[in-house]
>>> print(open('upload.cif').read())   # mmCIF, C-alpha atoms and all ligand atoms
data_structure
#
loop_
_atom_site.label_atom_id
_atom_site.label_comp_id
_atom_site.auth_asym_id
_atom_site.auth_seq_id
_atom_site.Cartn_x
_atom_site.Cartn_y
_atom_site.Cartn_z
CA MET A 1 110.90 375.57 12.14
CA THR A 2 112.46 374.35 8.91
CA VAL A 3 113.90 375.89 5.77
CA GLU A 4 115.95 373.39 3.80
CA HIS A 5 117.54 373.23 0.39
CA ALA A 6 116.14 369.92 -0.88
CA ILE A 7 118.46 367.16 -1.97
CA VAL A 8 117.82 365.47 -5.32
CA ARG A 9 117.70 361.70 -5.61
CA THR A 10 117.95 360.11 -9.05
CA LYS A 11 115.75 357.15 -10.04
CA PRO A 12 116.85 355.00 -13.00
CA LYS A 13 113.93 353.96 -15.22
CA PRO A 14 113.80 352.05 -18.52
CA TRP A 15 111.79 354.89 -20.07
CA GLY A 16 114.08 357.64 -18.74
CA SER A 17 116.60 359.98 -20.34
CA LEU A 18 120.39 360.13 -20.67
CA ASP A 19 120.38 363.94 -20.73
CA LEU A 20 118.65 365.81 -17.93
CA ARG A 21 120.14 369.19 -18.72
CA PRO A 22 119.46 371.97 -17.89
CA TRP A 23 117.56 370.54 -14.93
CA SER A 24 120.33 368.37 -13.59
CA GLU A 25 123.99 367.74 -14.34
CA THR A 26 123.81 364.32 -12.69
CA SER A 27 125.69 361.48 -14.35
CA THR A 28 123.62 359.06 -16.42
CA SER A 29 126.54 356.74 -17.13
CA ASP A 30 124.68 353.89 -15.39
CA GLY A 31 121.67 354.19 -17.70
CA PRO A 32 118.63 356.37 -18.22
CA ILE A 33 117.25 358.42 -15.34
CA GLY A 34 113.47 358.70 -15.28
CA GLU A 35 112.82 360.65 -12.11
CA LEU A 36 114.42 363.21 -9.83
CA TRP A 37 112.95 363.11 -6.33
CA PHE A 38 113.24 366.18 -4.15
CA GLU A 39 113.75 365.19 -0.55
CA ARG A 40 114.58 366.66 2.80
CA PRO A 41 118.29 366.38 3.56
CA GLY A 42 119.43 364.09 6.33
CA LEU A 43 118.61 360.47 7.05
CA ALA A 44 116.57 361.39 10.13
CA ALA A 45 114.16 363.68 8.28
CA PRO A 46 110.57 362.51 8.75
CA LYS A 47 108.62 361.34 5.72
CA THR A 48 106.82 364.21 4.02
CA THR A 49 103.10 364.25 3.21
CA LEU A 50 103.75 365.25 -0.37
CA LEU A 51 106.30 364.00 -2.86
CA LEU A 52 107.74 366.36 -5.47
CA LYS A 53 109.42 364.93 -8.56
CA MET A 54 110.58 365.77 -12.06
CA LEU A 55 110.05 363.15 -14.77
CA PHE A 56 112.01 362.79 -18.04
CA THR A 57 110.52 360.43 -20.62
CA THR A 58 112.02 359.08 -23.85
CA GLU A 59 109.55 356.19 -24.03
CA PRO A 60 105.97 355.87 -22.77
CA LEU A 61 105.49 354.96 -19.12
CA SER A 62 103.26 352.07 -18.17
CA ILE A 63 99.50 352.55 -18.25
CA GLN A 64 98.66 352.59 -14.56
CA VAL A 65 96.22 353.54 -11.84
CA HIS A 66 96.59 354.46 -8.17
CA PRO A 67 94.23 353.56 -5.30
CA ASP A 68 92.41 356.01 -3.08
CA ASP A 69 93.13 356.16 0.65
CA ALA A 70 90.42 353.65 1.58
CA PHE A 71 91.61 350.96 -0.82
CA ALA A 72 95.27 351.58 0.01
CA ARG A 73 94.57 351.11 3.71
CA SER A 74 92.58 347.94 2.99
CA ILE A 75 95.77 346.36 1.63
CA GLY A 76 98.02 347.65 4.39
CA LEU A 77 99.39 350.81 2.77
CA ALA A 78 99.48 354.16 4.54
CA ASN A 79 97.55 356.15 1.94
CA GLY A 80 96.51 356.28 -1.69
CA LYS A 81 97.78 358.54 -4.40
CA THR A 82 96.29 361.52 -6.17
CA GLU A 83 98.83 363.29 -8.34
CA ALA A 84 99.12 366.28 -10.65
CA TRP A 85 101.49 367.08 -13.52
CA TYR A 86 102.88 370.40 -14.70
CA ILE A 87 104.27 370.07 -18.22
CA VAL A 88 107.67 371.76 -18.43
CA SER A 89 108.50 370.76 -22.01
CA ALA A 90 107.14 368.41 -24.65
CA ILE A 91 108.31 367.47 -28.12
CA PRO A 92 105.77 368.07 -30.91
CA GLY A 93 103.07 365.42 -30.80
CA ALA A 94 103.86 364.31 -27.23
CA GLY A 95 100.86 363.41 -25.11
CA VAL A 96 99.44 361.88 -21.99
CA ALA A 97 96.54 359.49 -21.49
CA VAL A 98 93.92 360.33 -18.88
CA GLY A 99 90.90 358.07 -18.39
CA LEU A 100 89.24 355.94 -21.06
CA ASN A 101 87.71 357.19 -24.29
CA HIS A 102 84.33 355.58 -23.41
CA PRO A 103 82.79 354.03 -20.29
CA ARG A 104 83.45 350.29 -19.93
CA SER A 105 82.21 347.64 -17.55
CA ALA A 106 84.62 346.07 -15.07
CA ALA A 107 84.56 342.90 -17.19
CA GLU A 108 85.42 344.85 -20.36
CA LEU A 109 88.24 346.61 -18.52
CA ARG A 110 89.66 343.31 -17.32
CA THR A 111 89.54 341.90 -20.86
CA ALA A 112 91.24 345.02 -22.26
CA ILE A 113 94.06 344.71 -19.71
CA THR A 114 94.47 341.00 -20.33
CA ASP A 115 94.63 341.24 -24.14
CA GLY A 116 96.55 344.54 -24.20
CA SER A 117 93.82 346.50 -25.98
CA ILE A 118 93.82 348.87 -22.97
CA ALA A 119 96.50 350.79 -24.90
CA ASP A 120 93.91 351.56 -27.60
CA ILE A 121 91.07 352.67 -25.33
CA VAL A 122 92.86 355.14 -23.04
CA ASP A 123 92.18 358.76 -23.91
CA TRP A 124 95.37 360.36 -25.28
CA GLN A 125 95.63 364.12 -25.45
CA PRO A 126 98.50 366.32 -26.67
CA VAL A 127 100.35 368.37 -24.06
CA HIS A 128 102.19 371.66 -24.17
CA PRO A 129 104.45 373.53 -21.73
CA GLY A 130 102.42 374.99 -18.89
CA ASP A 131 99.60 372.44 -19.10
CA VAL A 132 98.40 371.10 -15.74
CA ILE A 133 96.74 367.71 -15.46
CA LEU A 134 95.14 366.43 -12.26
CA ILE A 135 95.06 362.65 -11.83
CA PRO A 136 92.66 361.80 -9.00
CA ALA A 137 93.12 358.34 -7.47
CA GLY A 138 91.29 355.79 -9.62
CA THR A 139 92.03 357.54 -12.92
CA ILE A 140 93.74 355.29 -15.48
CA HIS A 141 96.68 357.25 -16.91
CA ALA A 142 99.94 357.18 -18.81
CA ILE A 143 102.66 359.61 -19.80
CA GLY A 144 104.00 359.49 -23.36
CA ALA A 145 107.55 359.91 -24.67
CA GLY A 146 109.39 363.21 -25.05
CA ILE A 147 108.07 365.00 -21.98
CA VAL A 148 109.66 366.75 -19.01
CA LEU A 149 107.15 367.35 -16.24
CA VAL A 150 106.91 368.17 -12.55
CA GLU A 151 104.75 365.84 -10.48
CA ILE A 152 103.28 366.57 -7.08
CA GLN A 153 101.57 363.69 -5.34
CA GLN A 154 100.50 362.14 -2.12
CA HIS A 155 103.61 360.40 -0.80
CA SER A 156 102.88 356.81 -1.83
CA ASP A 157 104.27 354.18 -4.15
CA ALA A 158 100.94 352.40 -4.59
CA THR A 159 100.90 351.90 -8.37
CA PHE A 160 98.95 349.23 -10.23
CA ARG A 161 100.20 348.57 -13.77
CA LEU A 162 97.68 347.73 -16.51
CA PHE A 163 100.03 347.63 -19.53
CA ASP A 164 103.78 348.01 -19.96
CA TYR A 165 104.54 348.03 -23.70
CA GLY A 166 106.21 344.62 -23.64
CA ARG A 167 108.60 345.48 -20.82
CA ALA A 168 108.94 342.61 -18.40
CA ARG A 169 107.55 344.37 -15.34
CA GLU A 170 104.69 342.88 -13.36
CA LEU A 171 101.05 343.83 -14.01
CA HIS A 172 98.52 344.16 -11.18
CA ILE A 173 95.27 343.28 -12.90
CA ASP A 174 93.00 342.49 -9.93
CA HIS A 175 93.95 345.59 -7.95
CA ALA A 176 93.79 347.76 -11.07
CA VAL A 177 90.26 346.61 -11.92
CA ALA A 178 89.21 347.06 -8.29
CA VAL A 179 90.31 350.70 -8.04
CA ALA A 180 89.99 352.05 -11.59
CA THR A 181 87.22 354.29 -12.82
CA ALA A 182 86.55 352.57 -16.15
CA GLY A 183 85.48 355.66 -18.06
CA PRO A 184 86.39 359.18 -19.15
CA ARG A 185 88.36 361.51 -16.90
CA GLN A 186 86.73 363.82 -14.36
CA ILE A 187 86.31 367.44 -15.39
CA GLN A 188 89.20 369.46 -13.95
CA SER A 189 88.72 372.96 -12.60
CA PRO A 190 90.62 375.57 -14.61
CA SER A 191 93.61 377.43 -13.21
CA GLU A 192 92.73 380.57 -11.29
CA ARG A 193 94.84 383.69 -11.08
CA LEU A 194 95.02 385.07 -7.52
CA SER A 195 97.27 388.02 -8.25
CA GLY A 196 99.96 389.10 -10.67
CA ALA A 197 102.35 386.78 -8.87
CA ARG A 198 100.20 383.76 -8.04
CA THR A 199 98.11 381.33 -10.09
CA VAL A 200 96.41 378.33 -8.49
CA LEU A 201 96.97 375.50 -10.96
CA THR A 202 94.98 372.92 -8.99
CA VAL A 203 93.74 372.47 -5.44
CA ASN A 204 92.20 369.36 -3.90
CA SER A 205 91.92 367.53 -0.58
CA TYR A 206 95.57 366.54 -0.73
CA PHE A 207 97.54 369.45 -2.16
CA ALA A 208 97.49 372.91 -3.66
CA LEU A 209 99.80 373.56 -6.60
CA GLU A 210 100.50 377.14 -7.57
CA GLN A 211 102.62 378.85 -10.18
CA THR A 212 104.44 381.92 -8.93
CA ASP A 213 105.83 384.56 -11.27
CA LEU A 214 107.98 386.99 -9.32
CA ALA A 215 109.27 390.18 -10.94
CA PRO A 216 113.01 390.84 -11.37
CA GLY A 217 114.49 392.42 -8.25
CA SER A 218 111.36 392.00 -6.12
CA VAL A 219 111.53 390.72 -2.54
CA TRP A 220 108.93 388.41 -1.02
CA MET A 221 108.17 386.67 2.24
CA LEU A 222 107.24 383.03 1.74
CA ASP A 223 105.13 381.85 4.66
CA ALA A 224 104.90 378.10 5.20
CA PRO A 225 102.73 377.20 8.22
CA LYS A 226 102.55 373.63 6.86
CA GLU A 227 104.86 371.51 4.72
CA THR A 228 105.66 373.59 1.63
CA TRP A 229 107.74 372.92 -1.49
CA LEU A 230 109.14 375.58 -3.81
CA LEU A 231 110.68 374.43 -7.11
CA ALA A 232 112.35 376.89 -9.49
CA ILE A 233 111.43 376.56 -13.17
CA GLU A 234 112.98 379.70 -14.71
CA GLY A 235 115.18 382.50 -13.39
CA HIS A 236 116.95 382.68 -10.06
CA ALA A 237 116.45 383.86 -6.52
CA GLN A 238 118.24 383.98 -3.20
CA LEU A 239 116.66 382.32 -0.15
CA GLY A 240 118.73 383.40 2.79
CA SER A 241 122.30 382.49 1.92
CA THR A 242 121.31 379.89 -0.70
CA ARG A 243 120.80 380.49 -4.40
CA LEU A 244 117.76 378.88 -6.00
CA ALA A 245 118.21 377.86 -9.64
CA PRO A 246 115.98 375.96 -12.10
CA GLY A 247 115.61 372.32 -11.08
CA GLU A 248 116.27 373.12 -7.41
CA ALA A 249 113.76 373.03 -4.59
CA PHE A 250 113.31 374.24 -1.04
CA PHE A 251 111.35 372.57 1.74
CA LEU A 252 109.79 374.70 4.46
CA GLU A 253 107.62 373.83 7.44
CA ALA A 254 106.30 376.03 10.26
CA ASP A 255 108.66 378.72 9.05
CA HIS A 256 109.12 381.51 6.56
CA ALA A 257 111.85 382.69 4.24
CA GLU A 258 112.70 385.85 2.36
CA ILE A 259 112.99 385.46 -1.41
CA GLU A 260 115.20 387.99 -3.22
CA VAL A 261 114.42 387.57 -6.89
CA GLY A 262 117.26 387.78 -9.39
CA ALA A 263 117.61 390.02 -12.43
CA SER A 264 115.62 387.75 -14.73
CA GLY A 265 112.72 387.13 -12.34
CA LEU A 266 111.63 383.80 -10.91
CA LYS A 267 109.05 381.37 -12.19
CA ALA A 268 108.50 378.63 -9.62
CA LEU A 269 105.98 376.05 -8.50
CA LEU A 270 104.68 376.14 -4.95
CA ALA A 271 103.01 373.10 -3.38
CA TYR A 272 101.53 372.52 0.06
CA PRO A 273 98.79 370.35 1.61
CA GLY A 274 95.15 371.05 0.66
CA PRO A 275 92.29 371.44 0.71
CA LYS A 276 92.55 375.25 0.86
CA ILE A 277 94.87 377.75 -0.67
CA ASN A 278 96.97 379.76 1.77
CA PRO A 279 96.25 383.42 0.96
CA ALA A 280 99.28 384.53 2.97
CA ALA A 281 101.78 382.20 1.33
CA LEU A 282 103.52 385.06 -0.47
CA THR A 283 103.72 388.69 0.62
CA GLU A 284 105.69 391.27 -1.27
CA ARG A 285 108.25 393.03 0.90
CA SER A 286 109.84 395.78 -1.13
CA ALA A 287 107.83 398.99 -1.10
CA ALA A 288 109.02 400.01 -4.55
CA SER A 289 107.72 396.92 -6.26
CA ALA A 290 104.66 396.70 -4.00
CA SER A 291 103.45 399.93 -5.55
CA ARG A 292 103.76 398.31 -8.99
CA ALA A 293 101.61 395.38 -7.88
CA PRO A 294 98.44 396.85 -6.40
CA HIS A 295 96.83 393.45 -5.92
CA ALA A 296 99.61 391.98 -3.85
CA PHE A 297 97.97 389.55 -1.47
CA PRO A 298 97.06 390.65 2.07
CA GLY A 299 99.18 389.01 4.72
CA THR A 300 96.46 387.19 6.63
CA LEU A 301 95.36 383.65 7.14
CA VAL A 302 91.71 384.66 7.38
CA PRO A 303 89.99 383.74 4.10
CA SER A 304 90.07 386.88 2.02
CA PRO A 305 87.35 388.08 -0.39
CA VAL A 306 89.55 386.93 -3.26
CA GLU A 307 89.87 383.43 -1.86
CA THR A 308 86.14 383.23 -1.14
CA ALA A 309 85.39 384.31 -4.69
CA THR A 310 87.89 381.79 -6.00
CA LEU A 311 86.25 378.94 -4.17
CA LYS A 312 82.77 380.01 -5.24
CA GLN A 313 83.83 380.05 -8.88
CA SER A 314 84.82 376.41 -8.67
CA GLU A 315 81.45 374.95 -9.48
CA THR A 316 82.99 371.55 -10.02
CA PRO A 317 85.45 371.14 -7.17
CA ASN A 318 88.13 368.82 -8.46
CA TRP A 319 88.57 367.16 -5.10
CA LEU A 320 85.17 365.45 -5.21
CA PRO A 321 85.63 361.68 -5.49
ZN ZN B 401 100.83 357.75 -11.75
#
>>> encode(input="upload.cif", output="structure tokens")
Amino acid sequence: MTVEHAIVRTKPKPWGSLDLRPWSETSTSDGPIGELWFERPGLAAPKTTLLLKMLFTTEPLSIQVHPDDAFARSIGLANGKTEAWYIVSAIPGAGVAVGLNHPRSAAELRTAITDGSIADIVDWQPVHPGDVILIPAGTIHAIGAGIVLVEIQQHSDATFRLFDYGRARELHIDHAVAVATAGPRQIQSPSERLSGARTVLTVNSYFALEQTDLAPGSVWMLDAPKETWLLAIEGHAQLGSTRLAPGEAFFLEADHAEIEVGASGLKALLAYPGPKINPAALTERSAASASRAPHAFPGTLVPSPVETATLKQSETPNWLP
């Protein structure tokens, strides 16, 4: 039974930012901060299945790839890494690279990593606030400069670097070639609106990521049978005696919490283990606002007609390998 206000750990990175406002007031006097990690408070807290981060980029990150579970275990790691990004802000022209522009052989990929031409054959695409990009394990990817994003991922630090823009960090060519899909990205299922308050941004074997848009003054019950993360993006709310503000997160497990939404509403991201959405994750409590939201979700764990329809619409499930 756990409801915790997550602590925030800062991670210095050469590509990070000296100004994290309004997301964090943390000091950057020791150099640029690239990542904020949301963690359970207390040294004794067990490791979580999912890792929630915010990233702040002023330079491109390395071009990299992550292994799947099978490969990770073959080299002694606990699990692989599938991740997803929610773009919070992006300067004009900012982009991310996902997959390669054309299929290549393993030999061609190795050559491209070795001579640095990998930077020219990854598939860059512009990004805008609200975009969601799923990066299944094995997908070659990079994040460009000028972006603030939220990342949800399998809890793993298994990263193989293919190219690092002249920075002196190590590359991992053999592992990268072994795990990478040397071709275009997988097709990603579109976001699906469950109700006025909930939109499933992506769901796969490892996690579900939802956007919640809660009306000003409304009251909700957040039900978290499994590990669940709630990160505020805009607006405010009260969870119990604690105020939730943008850039702050809560961790819940085998518990529930009442959310009293502030006067400007609450836009937040909700993440929990996959492969299924939890139809009962949010239930509106206040009768007055319930009548304004006729499609508030039923409070049951039994798959509802809406969930069944949602799953049927996903003709290309994005959790297929
Ligand atoms: Zn990555």
>>> residues_near_ligand(input="upload.cif", ligand="ligand ZN 401 (chain B)", cutoff="7 Å", atoms="only C-alpha atoms and all ligand atoms", output="PDB file with C-alpha atoms, in the coordinates of the input")
ATOM      1  CA  GLN A  64      98.660 352.590 -14.560  1.00  0.00           C
ATOM      2  CA  VAL A  65      96.220 353.540 -11.840  1.00  0.00           C
ATOM      3  CA  HIS A  66      96.590 354.460  -8.170  1.00  0.00           C
ATOM      4  CA  GLU A  83      98.830 363.290  -8.340  1.00  0.00           C
ATOM      5  CA  HIS A 141      96.680 357.250 -16.910  1.00  0.00           C
ATOM      6  CA  THR A 159     100.900 351.900  -8.370  1.00  0.00           C
TER       7      THR A 159
END
>>> residues_near_point(input="upload.cif", point="(100.2, 346.7, -10.2)", cutoff="10 Å", atoms="only C-alpha atoms", output="PyMOL selection string")
chain A and resi 63-66+158-163+169-176
>>> write_last_selection(input="upload.cif", atoms="C-alpha atoms", output="PDB file, keeping the file's coordinate frame")
ATOM      1  CA  ILE A  63      99.500 352.550 -18.250  1.00  0.00           C
ATOM      2  CA  GLN A  64      98.660 352.590 -14.560  1.00  0.00           C
ATOM      3  CA  VAL A  65      96.220 353.540 -11.840  1.00  0.00           C
ATOM      4  CA  HIS A  66      96.590 354.460  -8.170  1.00  0.00           C
ATOM      5  CA  ALA A 158     100.940 352.400  -4.590  1.00  0.00           C
ATOM      6  CA  THR A 159     100.900 351.900  -8.370  1.00  0.00           C
ATOM      7  CA  PHE A 160      98.950 349.230 -10.230  1.00  0.00           C
ATOM      8  CA  ARG A 161     100.200 348.570 -13.770  1.00  0.00           C
ATOM      9  CA  LEU A 162      97.680 347.730 -16.510  1.00  0.00           C
ATOM     10  CA  PHE A 163     100.030 347.630 -19.530  1.00  0.00           C
ATOM     11  CA  ARG A 169     107.550 344.370 -15.340  1.00  0.00           C
ATOM     12  CA  GLU A 170     104.690 342.880 -13.360  1.00  0.00           C
ATOM     13  CA  LEU A 171     101.050 343.830 -14.010  1.00  0.00           C
ATOM     14  CA  HIS A 172      98.520 344.160 -11.180  1.00  0.00           C
ATOM     15  CA  ILE A 173      95.270 343.280 -12.900  1.00  0.00           C
ATOM     16  CA  ASP A 174      93.000 342.490  -9.930  1.00  0.00           C
ATOM     17  CA  HIS A 175      93.950 345.590  -7.950  1.00  0.00           C
ATOM     18  CA  ALA A 176      93.790 347.760 -11.070  1.00  0.00           C
TER      19      ALA A 176
END
>>> closest_residue(input="upload.cif", among="A:Leu51, A:Ala263, A:Ala97, A:Ile140", to="Ala249 (chain A)", atoms="all atoms listed in the file")
A:Leu51
>>> residues_around(input="upload.cif", residues="Pro22 (chain A)", least_positions_apart="3", cutoff="8 Å", atoms="all atoms listed in the file", output="list in words")
Glu25, Pro246 and Gly247 of chain A
>>> closest_residue(input="upload.cif", among="A:Leu149, A:Asn101, A:Ala180, A:Thr82", to="Leu134 (chain A)", atoms="all atoms listed in the file")
A:Thr82
>>> decode(input="upload.cif", residues="region 6-26 of chain A", atoms="N, CA and C atoms", output="PDB file, in the first residue's frame")
ATOM      1  N   ALA A   6       7.218  11.476  -5.401  1.00  0.00           N
ATOM      2  CA  ALA A   6       8.525  11.023  -5.895  1.00  0.00           C
ATOM      3  C   ALA A   6       9.602  12.073  -5.642  1.00  0.00           C
ATOM      4  N   ILE A   7      10.802  11.596  -5.349  1.00  0.00           N
ATOM      5  CA  ILE A   7      11.940  12.502  -5.306  1.00  0.00           C
ATOM      6  C   ILE A   7      12.491  12.652  -6.725  1.00  0.00           C
ATOM      7  N   VAL A   8      13.263  13.709  -6.933  1.00  0.00           N
ATOM      8  CA  VAL A   8      13.798  13.990  -8.269  1.00  0.00           C
ATOM      9  C   VAL A   8      15.319  13.989  -8.180  1.00  0.00           C
ATOM     10  N   ARG A   9      15.938  13.128  -8.974  1.00  0.00           N
ATOM     11  CA  ARG A   9      17.397  13.042  -8.991  1.00  0.00           C
ATOM     12  C   ARG A   9      17.904  13.676 -10.285  1.00  0.00           C
ATOM     13  N   THR A  10      18.906  14.525 -10.177  1.00  0.00           N
ATOM     14  CA  THR A  10      19.422  15.203 -11.370  1.00  0.00           C
ATOM     15  C   THR A  10      20.605  14.423 -11.938  1.00  0.00           C
ATOM     16  N   LYS A  11      20.681  14.368 -13.270  1.00  0.00           N
ATOM     17  CA  LYS A  11      21.759  13.651 -13.964  1.00  0.00           C
ATOM     18  C   LYS A  11      22.483  14.623 -14.896  1.00  0.00           C
ATOM     19  N   PRO A  12      23.721  14.988 -14.560  1.00  0.00           N
ATOM     20  CA  PRO A  12      24.489  15.853 -15.470  1.00  0.00           C
ATOM     21  C   PRO A  12      24.768  15.123 -16.785  1.00  0.00           C
ATOM     22  N   LYS A  13      24.666  15.839 -17.888  1.00  0.00           N
ATOM     23  CA  LYS A  13      24.958  15.260 -19.206  1.00  0.00           C
ATOM     24  C   LYS A  13      25.597  16.342 -20.068  1.00  0.00           C
ATOM     25  N   PRO A  14      26.527  15.963 -20.956  1.00  0.00           N
ATOM     26  CA  PRO A  14      27.166  16.983 -21.796  1.00  0.00           C
ATOM     27  C   PRO A  14      26.191  17.678 -22.732  1.00  0.00           C
ATOM     28  N   TRP A  15      25.089  17.021 -23.049  1.00  0.00           N
ATOM     29  CA  TRP A  15      24.105  17.598 -23.974  1.00  0.00           C
ATOM     30  C   TRP A  15      22.947  18.279 -23.240  1.00  0.00           C
ATOM     31  N   GLY A  16      23.065  18.413 -21.921  1.00  0.00           N
ATOM     32  CA  GLY A  16      21.950  18.908 -21.109  1.00  0.00           C
ATOM     33  C   GLY A  16      21.806  20.416 -21.118  1.00  0.00           C
ATOM     34  N   SER A  17      21.024  20.922 -20.159  1.00  0.00           N
ATOM     35  CA  SER A  17      20.639  22.334 -20.146  1.00  0.00           C
ATOM     36  C   SER A  17      21.024  22.979 -18.813  1.00  0.00           C
ATOM     37  N   LEU A  18      21.292  24.291 -18.856  1.00  0.00           N
ATOM     38  CA  LEU A  18      21.591  25.043 -17.642  1.00  0.00           C
ATOM     39  C   LEU A  18      20.344  25.714 -17.071  1.00  0.00           C
ATOM     40  N   ASP A  19      19.213  25.534 -17.734  1.00  0.00           N
ATOM     41  CA  ASP A  19      17.973  26.165 -17.260  1.00  0.00           C
ATOM     42  C   ASP A  19      16.829  25.167 -17.409  1.00  0.00           C
ATOM     43  N   LEU A  20      16.403  24.609 -16.305  1.00  0.00           N
ATOM     44  CA  LEU A  20      15.348  23.591 -16.344  1.00  0.00           C
ATOM     45  C   LEU A  20      13.977  24.167 -16.006  1.00  0.00           C
ATOM     46  N   ARG A  21      13.926  25.485 -15.807  1.00  0.00           N
ATOM     47  CA  ARG A  21      12.648  26.074 -15.436  1.00  0.00           C
ATOM     48  C   ARG A  21      11.649  25.970 -16.589  1.00  0.00           C
ATOM     49  N   PRO A  22      10.361  25.850 -16.349  1.00  0.00           N
ATOM     50  CA  PRO A  22       9.702  25.840 -15.036  1.00  0.00           C
ATOM     51  C   PRO A  22       9.618  24.453 -14.415  1.00  0.00           C
ATOM     52  N   TRP A  23      10.324  23.483 -14.973  1.00  0.00           N
ATOM     53  CA  TRP A  23      10.154  22.100 -14.511  1.00  0.00           C
ATOM     54  C   TRP A  23      10.923  21.815 -13.243  1.00  0.00           C
ATOM     55  N   SER A  24      12.009  22.533 -13.052  1.00  0.00           N
ATOM     56  CA  SER A  24      12.814  22.314 -11.857  1.00  0.00           C
ATOM     57  C   SER A  24      13.600  23.579 -11.557  1.00  0.00           C
ATOM     58  N   GLU A  25      13.732  23.881 -10.269  1.00  0.00           N
ATOM     59  CA  GLU A  25      14.528  25.018  -9.829  1.00  0.00           C
ATOM     60  C   GLU A  25      15.921  24.557  -9.404  1.00  0.00           C
ATOM     61  N   THR A  26      16.266  23.320  -9.705  1.00  0.00           N
ATOM     62  CA  THR A  26      17.518  22.756  -9.219  1.00  0.00           C
ATOM     63  C   THR A  26      18.719  23.546  -9.744  1.00  0.00           C
TER      64      THR A  26
END
